[in-house]
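Q: Data: coords29.txt, compact mmCIF, C-alpha atoms.
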# COMPACT_ATOMS: atom_id res chain seq x y z
CA MET A 258 -41.08 168.85 30.59
CA GLU A 259 -38.79 170.68 28.18
CA LEU A 260 -36.88 168.07 26.23
CA VAL A 261 -33.40 168.77 24.87
CA ILE A 262 -31.67 166.34 22.50
CA ARG A 263 -27.93 166.61 21.98
CA ASP A 264 -24.71 164.57 21.78
CA LEU A 265 -23.75 162.55 24.85
CA PHE A 266 -21.08 164.09 27.09
CA ALA A 267 -19.03 162.04 29.57
CA GLU A 268 -20.70 163.97 32.41
CA ASP A 269 -24.10 162.53 31.39
CA ILE A 270 -23.03 158.97 32.10
CA ASP A 271 -23.96 159.04 35.78
CA ARG A 272 -26.90 161.41 35.26
CA GLY A 273 -29.30 158.65 34.21
CA PHE A 274 -27.64 157.51 30.98
CA LEU A 275 -26.72 153.98 32.12
CA GLU A 276 -30.04 153.66 33.96
CA THR A 277 -31.87 154.65 30.76
CA LEU A 278 -30.02 151.97 28.79
CA THR A 279 -31.22 149.28 31.20
CA ALA A 280 -34.68 149.80 29.64
CA LEU A 281 -33.13 148.09 26.58
CA ALA A 282 -30.77 145.47 28.02
CA GLU A 283 -28.53 144.74 30.98
CA VAL A 284 -25.62 147.19 31.19
CA ARG A 285 -23.23 145.90 33.92
CA LEU A 286 -20.83 148.87 33.60
CA ARG A 287 -19.61 151.19 36.33
CA PRO A 288 -19.53 154.86 35.29
CA ARG A 289 -15.71 154.82 35.02
CA GLU A 290 -15.83 151.78 32.71
CA ALA A 291 -18.58 153.44 30.69
CA VAL A 292 -16.34 156.47 30.10
CA ALA A 293 -13.68 154.15 28.62
CA VAL A 294 -16.34 152.59 26.37
CA PHE A 295 -17.49 156.07 25.36
CA GLN A 296 -13.92 156.99 24.33
CA LYS A 297 -13.64 153.85 22.18
CA ARG A 298 -16.96 154.72 20.53
CA LEU A 299 -15.83 158.28 19.84
CA ARG A 300 -12.63 157.00 18.21
CA SER A 301 -14.61 154.81 15.81
CA GLY A 302 -17.11 157.57 15.07
CA VAL A 303 -20.20 156.12 16.77
CA LEU A 304 -22.56 159.01 17.53
CA THR A 305 -24.48 158.81 20.81
CA TYR A 306 -27.42 161.12 21.41
CA VAL A 307 -29.28 161.79 24.63
CA ALA A 308 -32.66 163.29 25.50
CA LEU A 309 -32.53 165.40 28.66
CA ASP A 310 -35.16 166.62 31.09
CA GLY A 311 -33.12 169.30 32.86
CA ASP A 312 -29.76 167.62 33.46
CA ARG A 313 -31.27 164.15 33.74
CA VAL A 314 -30.85 161.73 30.82
CA VAL A 315 -34.24 160.22 29.97
CA GLY A 316 -33.54 158.73 26.54
CA THR A 317 -30.79 157.78 24.14
CA ALA A 318 -30.17 156.64 20.56
CA SER A 319 -27.00 155.95 18.60
CA LEU A 320 -25.97 156.29 14.97
CA LEU A 321 -23.18 154.56 13.05
CA VAL A 322 -22.42 156.05 9.65
CA GLU A 323 -21.06 153.38 7.35
CA GLN A 324 -19.22 154.60 4.26
CA LYS A 325 -19.95 152.13 1.43
CA PHE A 326 -18.09 151.34 -1.78
CA ILE A 327 -21.38 150.38 -3.43
CA HIS A 328 -24.03 152.91 -4.51
CA GLY A 329 -21.42 155.44 -5.64
CA GLY A 330 -19.66 155.54 -2.29
CA GLY A 331 -22.85 156.42 -0.44
CA ALA A 332 -23.23 156.24 3.32
CA VAL A 333 -25.70 154.13 5.29
CA GLY A 334 -26.84 155.07 8.78
CA HIS A 335 -27.36 152.35 11.36
CA VAL A 336 -29.62 153.33 14.25
CA GLU A 337 -28.70 151.42 17.41
CA ASP A 338 -29.73 151.24 21.05
CA VAL A 339 -32.79 153.45 21.20
CA ALA A 340 -33.92 153.51 24.84
CA VAL A 341 -36.24 155.62 26.96
CA HIS A 342 -36.13 155.63 30.75
CA PRO A 343 -39.05 153.57 32.17
CA ASP A 344 -40.42 156.65 34.02
CA TYR A 345 -40.56 158.64 30.77
CA GLN A 346 -42.06 156.25 28.24
CA HIS A 347 -45.11 157.01 26.04
CA ARG A 348 -44.37 160.75 25.92
CA GLY A 349 -42.89 160.94 22.40
CA ILE A 350 -39.26 160.83 23.54
CA GLY A 351 -38.44 157.78 21.40
CA THR A 352 -39.99 159.45 18.35
CA ALA A 353 -38.03 162.67 19.00
CA LEU A 354 -34.78 160.71 19.39
CA VAL A 355 -35.29 158.71 16.19
CA ASN A 356 -36.21 161.89 14.27
CA HIS A 357 -33.06 163.58 15.59
CA THR A 358 -30.99 160.59 14.47
CA LEU A 359 -32.58 160.66 10.99
CA THR A 360 -31.80 164.38 10.67
CA GLN A 361 -28.19 163.76 11.70
CA ALA A 362 -27.90 160.86 9.23
CA ARG A 363 -29.29 163.06 6.43
CA GLN A 364 -26.78 165.83 7.28
CA ARG A 365 -23.98 163.27 7.08
CA GLY A 366 -25.06 162.25 3.58
CA CYS A 367 -26.72 158.92 4.33
CA TYR A 368 -29.05 157.75 1.56
CA LYS A 369 -30.85 155.35 3.90
CA VAL A 370 -31.04 154.40 7.55
CA ILE A 371 -31.53 150.84 8.75
CA LEU A 372 -32.22 149.38 12.14
CA ASN A 373 -33.06 146.10 13.79
CA CYS A 374 -35.80 145.98 16.40
CA PHE A 375 -37.93 143.63 18.45
CA ASP A 376 -41.14 142.59 16.66
CA SER A 377 -43.15 144.50 19.26
CA LEU A 378 -41.60 147.79 18.06
CA ILE A 379 -42.30 147.29 14.35
CA PRO A 380 -45.61 149.29 14.43
CA PHE A 381 -43.79 152.23 16.09
CA TYR A 382 -41.18 152.38 13.31
CA LEU A 383 -43.71 151.79 10.51
CA ARG A 384 -45.66 154.83 11.79
CA MET A 385 -42.42 156.84 11.47
CA GLY A 386 -42.06 155.90 7.80
CA PHE A 387 -39.77 152.87 8.03
CA ARG A 388 -40.56 149.78 5.95
CA HIS A 389 -39.54 146.15 6.06
CA HIS A 390 -36.10 145.46 4.64
CA ASP A 391 -33.93 142.35 4.37
CA ALA A 392 -33.80 139.44 6.76
CA CYS A 393 -31.70 139.91 9.89
CA LEU A 394 -29.60 136.99 11.10
CA ARG A 395 -27.26 136.53 14.05
CA ILE A 396 -24.64 134.11 15.30
CA ASP A 397 -23.26 133.96 18.85
CA LEU A 398 -19.49 133.75 19.15
CA MET B 7 -7.29 127.69 -7.39
CA GLU B 8 -5.41 128.59 -4.21
CA LEU B 9 -7.52 131.08 -2.29
CA VAL B 10 -5.93 133.68 -0.02
CA ILE B 11 -8.07 135.85 2.28
CA ARG B 12 -6.58 138.99 3.74
CA ASP B 13 -7.26 142.69 4.41
CA LEU B 14 -7.95 144.89 1.39
CA PHE B 15 -5.01 147.01 0.16
CA ALA B 16 -5.49 150.10 -2.02
CA GLU B 17 -3.67 148.27 -4.84
CA ASP B 18 -6.46 145.66 -4.94
CA ILE B 19 -9.08 148.20 -5.92
CA ASP B 20 -8.44 147.95 -9.66
CA ARG B 21 -7.55 144.25 -9.51
CA GLY B 22 -11.14 143.06 -9.56
CA PHE B 23 -12.38 144.51 -6.25
CA LEU B 24 -14.90 146.96 -7.68
CA GLU B 25 -15.97 144.43 -10.34
CA THR B 26 -16.55 141.87 -7.56
CA LEU B 27 -18.77 144.31 -5.65
CA THR B 28 -21.01 144.75 -8.70
CA ALA B 29 -22.22 141.18 -7.98
CA LEU B 30 -23.94 142.79 -4.95
CA ALA B 31 -25.05 146.22 -6.16
CA GLU B 32 -24.14 149.00 -8.56
CA VAL B 33 -20.81 150.61 -7.63
CA ARG B 34 -20.40 153.74 -9.85
CA LEU B 35 -16.95 154.61 -8.46
CA ARG B 36 -13.74 155.18 -10.39
CA PRO B 37 -10.68 153.56 -8.78
CA ARG B 38 -9.36 156.95 -7.57
CA GLU B 39 -12.70 157.73 -5.91
CA ALA B 40 -12.74 154.25 -4.39
CA VAL B 41 -9.34 154.91 -2.78
CA ALA B 42 -10.80 158.01 -1.08
CA VAL B 43 -13.75 155.91 0.16
CA PHE B 44 -11.31 153.27 1.40
CA GLN B 45 -9.43 155.91 3.42
CA LYS B 46 -12.67 157.12 5.03
CA ARG B 47 -13.53 153.52 5.93
CA LEU B 48 -10.09 152.94 7.45
CA ARG B 49 -10.47 156.07 9.59
CA SER B 50 -13.76 154.84 11.05
CA GLY B 51 -12.38 151.32 11.57
CA VAL B 52 -14.40 149.43 8.94
CA LEU B 53 -12.49 146.25 8.09
CA THR B 54 -12.58 145.14 4.46
CA TYR B 55 -11.44 141.65 3.53
CA VAL B 56 -10.73 140.23 0.09
CA ALA B 57 -10.42 136.72 -1.32
CA LEU B 58 -7.70 136.47 -3.97
CA ASP B 59 -6.98 134.02 -6.75
CA GLY B 60 -3.38 135.01 -7.48
CA ASP B 61 -3.49 138.81 -7.50
CA ARG B 62 -7.10 138.95 -8.71
CA VAL B 63 -9.83 139.86 -6.22
CA VAL B 64 -12.65 137.31 -6.50
CA GLY B 65 -14.57 138.00 -3.30
CA THR B 66 -15.01 140.47 -0.46
CA ALA B 67 -16.68 140.91 2.92
CA SER B 68 -16.61 143.72 5.48
CA LEU B 69 -16.83 143.91 9.25
CA LEU B 70 -17.83 146.81 11.50
CA VAL B 71 -17.06 146.31 15.17
CA GLU B 72 -19.52 148.28 17.28
CA GLN B 73 -18.53 148.91 20.88
CA LYS B 74 -21.70 148.82 23.00
CA PHE B 75 -22.51 150.30 26.40
CA ILE B 76 -25.00 147.47 27.00
CA HIS B 77 -23.97 143.87 27.77
CA GLY B 78 -21.04 144.98 29.92
CA GLY B 79 -19.46 147.06 27.18
CA GLY B 80 -19.39 144.13 24.76
CA ALA B 81 -18.76 144.48 21.04
CA VAL B 82 -21.08 143.47 18.21
CA GLY B 83 -19.79 142.62 14.75
CA HIS B 84 -21.78 143.72 11.71
CA VAL B 85 -21.02 141.75 8.54
CA GLU B 86 -21.60 143.88 5.46
CA ASP B 87 -21.24 143.63 1.69
CA VAL B 88 -20.35 139.98 1.14
CA ALA B 89 -19.81 139.55 -2.60
CA VAL B 90 -18.24 136.94 -4.86
CA HIS B 91 -17.24 137.65 -8.45
CA PRO B 92 -19.81 136.13 -10.86
CA ASP B 93 -17.12 133.93 -12.47
CA TYR B 94 -16.18 132.43 -9.09
CA GLN B 95 -19.52 131.69 -7.43
CA HIS B 96 -20.51 128.28 -5.97
CA ARG B 97 -16.93 127.37 -5.05
CA GLY B 98 -17.08 128.03 -1.31
CA ILE B 99 -15.56 131.52 -1.51
CA GLY B 100 -18.51 133.16 0.26
CA THR B 101 -18.35 130.59 3.04
CA ALA B 102 -14.58 131.11 3.43
CA LEU B 103 -15.04 134.89 3.56
CA VAL B 104 -17.81 134.75 6.16
CA ASN B 105 -15.79 132.31 8.27
CA HIS B 106 -12.78 134.62 8.08
CA THR B 107 -14.98 137.54 9.17
CA LEU B 108 -16.36 135.53 12.12
CA THR B 109 -12.82 134.62 13.22
CA GLN B 110 -11.78 138.27 13.04
CA ALA B 111 -14.88 139.33 15.00
CA ARG B 112 -14.12 136.72 17.68
CA GLN B 113 -10.51 137.96 17.95
CA ARG B 114 -11.82 141.50 18.42
CA GLY B 115 -13.99 140.38 21.32
CA CYS B 116 -17.41 140.41 19.65
CA TYR B 117 -20.00 138.36 21.52
CA LYS B 118 -22.24 138.13 18.46
CA VAL B 119 -22.24 138.94 14.76
CA ILE B 120 -25.32 140.17 12.93
CA LEU B 121 -26.03 140.70 9.26
CA ASN B 122 -28.87 141.60 6.96
CA CYS B 123 -29.34 139.62 3.76
CA PHE B 124 -31.72 139.02 0.89
CA ASP B 125 -34.27 136.29 1.63
CA SER B 126 -32.65 134.12 -1.06
CA LEU B 127 -29.44 133.95 1.02
CA ILE B 128 -31.09 132.93 4.31
CA PRO B 129 -30.50 129.16 3.73
CA PHE B 130 -26.77 129.84 3.07
CA TYR B 131 -26.37 131.64 6.41
CA LEU B 132 -28.54 129.18 8.36
CA ARG B 133 -26.21 126.38 7.14
CA MET B 134 -23.31 128.37 8.58
CA GLY B 135 -24.92 128.50 12.03
CA PHE B 136 -26.72 131.83 11.88
CA ARG B 137 -30.29 132.08 13.16
CA HIS B 138 -33.15 134.51 12.72
CA HIS B 139 -32.86 137.65 14.81
CA ASP B 140 -34.90 140.83 15.11
CA ALA B 141 -36.87 142.55 12.39
CA CYS B 142 -34.89 144.75 10.01
CA LEU B 143 -36.41 148.05 8.89
CA ARG B 144 -35.23 150.81 6.58
CA ILE B 145 -36.11 154.34 5.66
CA ASP B 146 -34.86 156.24 2.59
CA LEU B 147 -33.56 159.75 3.19
Rewrite the coordinates I just gave you, this time as structure tokens.
A:
Amino acid sequence: MELVIRDLFAEDIDRGFLETLTALAEVRLRPREAVAVFQKRLRSGVLTYVALDGDRVVGTASLLVEQKFIHGGGAVGHVEDVAVHPDYQHRGIGTALVNHTLTQARQRGCYKVILNCFDSLIPFYLRMGFRHHDACLRIDL
Amino acid sequence: MELVIRDLFAEDIDRGFLETLTALAEVRLRPREAVAVFQKRLRSGVLTYVALDGDRVVGTASLLVEQKFIHGGGAVGHVEDVAVHPDYQHRGIGTALVNHTLTQARQRGCYKVILNCFDSLIPFYLRMGFRHHDACLRIDL
């Protein structure tokens, strides 16, 4: 398998992208609806990366770059929605995607990257050099 | 004190906005630089709210609305950089700002709002209806 990681294109959406995301959570989007979502994300600057085996999407990760007023106007990267297709797990694709995202965040001037993850994934991220940060809270609307 | 909460305007920046943010972290931005940061934030859709006592900024909170592919293309709100000026703390301004942010997130179709906070602020957010979520990790670049 020769893995390529690059930005998501609209054409990737029905080449395994939505199926890959179901490894993370339910998707419930038809490809046409997903293209509209993709356009909204592009407008707000959300960066979506994909890992490809040939022309098949086998992994994805996203990056939001948040420009802060604090810390001298520094930028913070938020890693979101890291997913690897069930048929392709445990082959280093998640690690490659997160490393790609960190490189992109660094190039965009981020001084740190943060992410929220299930407890079961903490060891994976600690091995990559992440450390525990603040508490993470949620409220349903 | 009659508190008004509204969107940040560029004119607010040297009316206590940067001083208020120093309650949260170092800022190290001159007002002119902060205006440039504000413009970058507007372009990427980051919403910045301020609480005003007259024309003086005494509190702030920010909201990023992240359009997801998962959960049927739902949106997630990220609350960031909640700060109250040291002279105005313990008067309900933080609560009013977070409630305003939640209302705005609801109006923008968010199905949940998440935030990261110092451990010392967990009781404040739990009282507002938040609950513990995933782990939060960081890496410095």
Q: Could I get the residues of chain A with an atom no further than 6 Å from an atom of chain B, each paired with its nearest atom pair and that distance in Å to one decimal, using only C-alpha atoms, sorted by chain and residue number, as JSON lines?
A:
{"residue": "A:Glu283", "atom": "CA", "partner": "B:His77", "partner_atom": "CA", "distance": 5.6}
{"residue": "A:Val284", "atom": "CA", "partner": "B:Ile76", "partner_atom": "CA", "distance": 4.2}
{"residue": "A:Arg285", "atom": "CA", "partner": "B:Gly78", "partner_atom": "CA", "distance": 4.7}
{"residue": "A:Leu286", "atom": "CA", "partner": "B:Gly78", "partner_atom": "CA", "distance": 5.4}
{"residue": "A:Ser301", "atom": "CA", "partner": "B:Ser50", "partner_atom": "CA", "distance": 4.8}
{"residue": "A:Gly302", "atom": "CA", "partner": "B:Ser50", "partner_atom": "CA", "distance": 5.9}
{"residue": "A:Ile327", "atom": "CA", "partner": "B:Val33", "partner_atom": "CA", "distance": 4.2}
{"residue": "A:His328", "atom": "CA", "partner": "B:Val33", "partner_atom": "CA", "distance": 5.0}
{"residue": "A:Gly329", "atom": "CA", "partner": "B:Arg34", "partner_atom": "CA", "distance": 4.7}
{"residue": "A:Tyr368", "atom": "CA", "partner": "B:Leu147", "partner_atom": "CA", "distance": 5.2}
{"residue": "A:Lys369", "atom": "CA", "partner": "B:Asp146", "partner_atom": "CA", "distance": 4.3}
{"residue": "A:Val370", "atom": "CA", "partner": "B:Ile145", "partner_atom": "CA", "distance": 5.4}
{"residue": "A:Ile371", "atom": "CA", "partner": "B:Arg144", "partner_atom": "CA", "distance": 4.3}
{"residue": "A:Leu372", "atom": "CA", "partner": "B:Leu143", "partner_atom": "CA", "distance": 5.5}
{"residue": "A:Asn373", "atom": "CA", "partner": "B:Cys142", "partner_atom": "CA", "distance": 4.4}
{"residue": "A:Cys374", "atom": "CA", "partner": "B:Ala141", "partner_atom": "CA", "distance": 5.4}
{"residue": "A:Phe375", "atom": "CA", "partner": "B:Asp140", "partner_atom": "CA", "distance": 5.3}
{"residue": "A:Phe387", "atom": "CA", "partner": "B:Ile145", "partner_atom": "CA", "distance": 4.6}
{"residue": "A:Arg388", "atom": "CA", "partner": "B:Leu143", "partner_atom": "CA", "distance": 5.4}
{"residue": "A:His389", "atom": "CA", "partner": "B:Leu143", "partner_atom": "CA", "distance": 4.6}
{"residue": "A:His390", "atom": "CA", "partner": "B:Leu143", "partner_atom": "CA", "distance": 5.0}
{"residue": "A:Asp391", "atom": "CA", "partner": "B:Phe124", "partner_atom": "CA", "distance": 5.3}
{"residue": "A:Ala392", "atom": "CA", "partner": "B:Cys123", "partner_atom": "CA", "distance": 5.4}
{"residue": "A:Cys393", "atom": "CA", "partner": "B:Asn122", "partner_atom": "CA", "distance": 4.4}
{"residue": "A:Leu394", "atom": "CA", "partner": "B:His138", "partner_atom": "CA", "distance": 4.6}
{"residue": "A:Arg395", "atom": "CA", "partner": "B:Ile120", "partner_atom": "CA", "distance": 4.3}
{"residue": "A:Ile396", "atom": "CA", "partner": "B:Phe136", "partner_atom": "CA", "distance": 4.6}
{"residue": "A:Asp397", "atom": "CA", "partner": "B:Lys118", "partner_atom": "CA", "distance": 4.3}
{"residue": "A:Leu398", "atom": "CA", "partner": "B:Tyr117", "partner_atom": "CA", "distance": 5.2}
Q: One decimal, in Å: what's the spacing between CA of Thr101 in chain B and CA of Ala332 in chain A?
A: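 Computed distance, CA of Thr101 in chain B to CA of Ala332 in chain A, equals 26.1 Å.
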Q: In Å, rounded to a single decimal, give me how far CA of Ala57 in chain B is from CA of Glu17 in chain B.
A: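 If I compute the distance from CA of Glu17 in chain B to CA of Ala57 in chain B, I get 13.8 Å.
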Q: Step by step: start from the point (-16.5, 127.5, -0.5) in the file's coordinates, keep every protein, DNA or RNA residue that has an atom no farther than 12 Å from it, count all atoms listed in the file, and write the set as a ChimeraX atom specification.
A: /B:7-9,57,65,90,94-106,130,134
Q: So what do you get for CA of Tyr55 in chain B versus CA of Thr305 in chain A, distance-wise?
A: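 Taking CA of Tyr55 in chain B and CA of Thr305 in chain A, their separation equals 27.6 Å.
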Q: Excluding Gly22 in chain B and any residue of its chain fewer than 4 positions from it, enumerate the residues within 8 Å of it, using all atoms listed in the file, and give them as number ranges by chain.
A: B: 18, 26, 62-64
Q: Hey, which of B:Thr66, B:Asp93, B:Ala29, B:Pro37 ends up closest to Val10 in chain B? Count only C-alpha atoms.
A: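 Of the candidates, the smallest distance to Val10 in chain B is held by B:Thr66.
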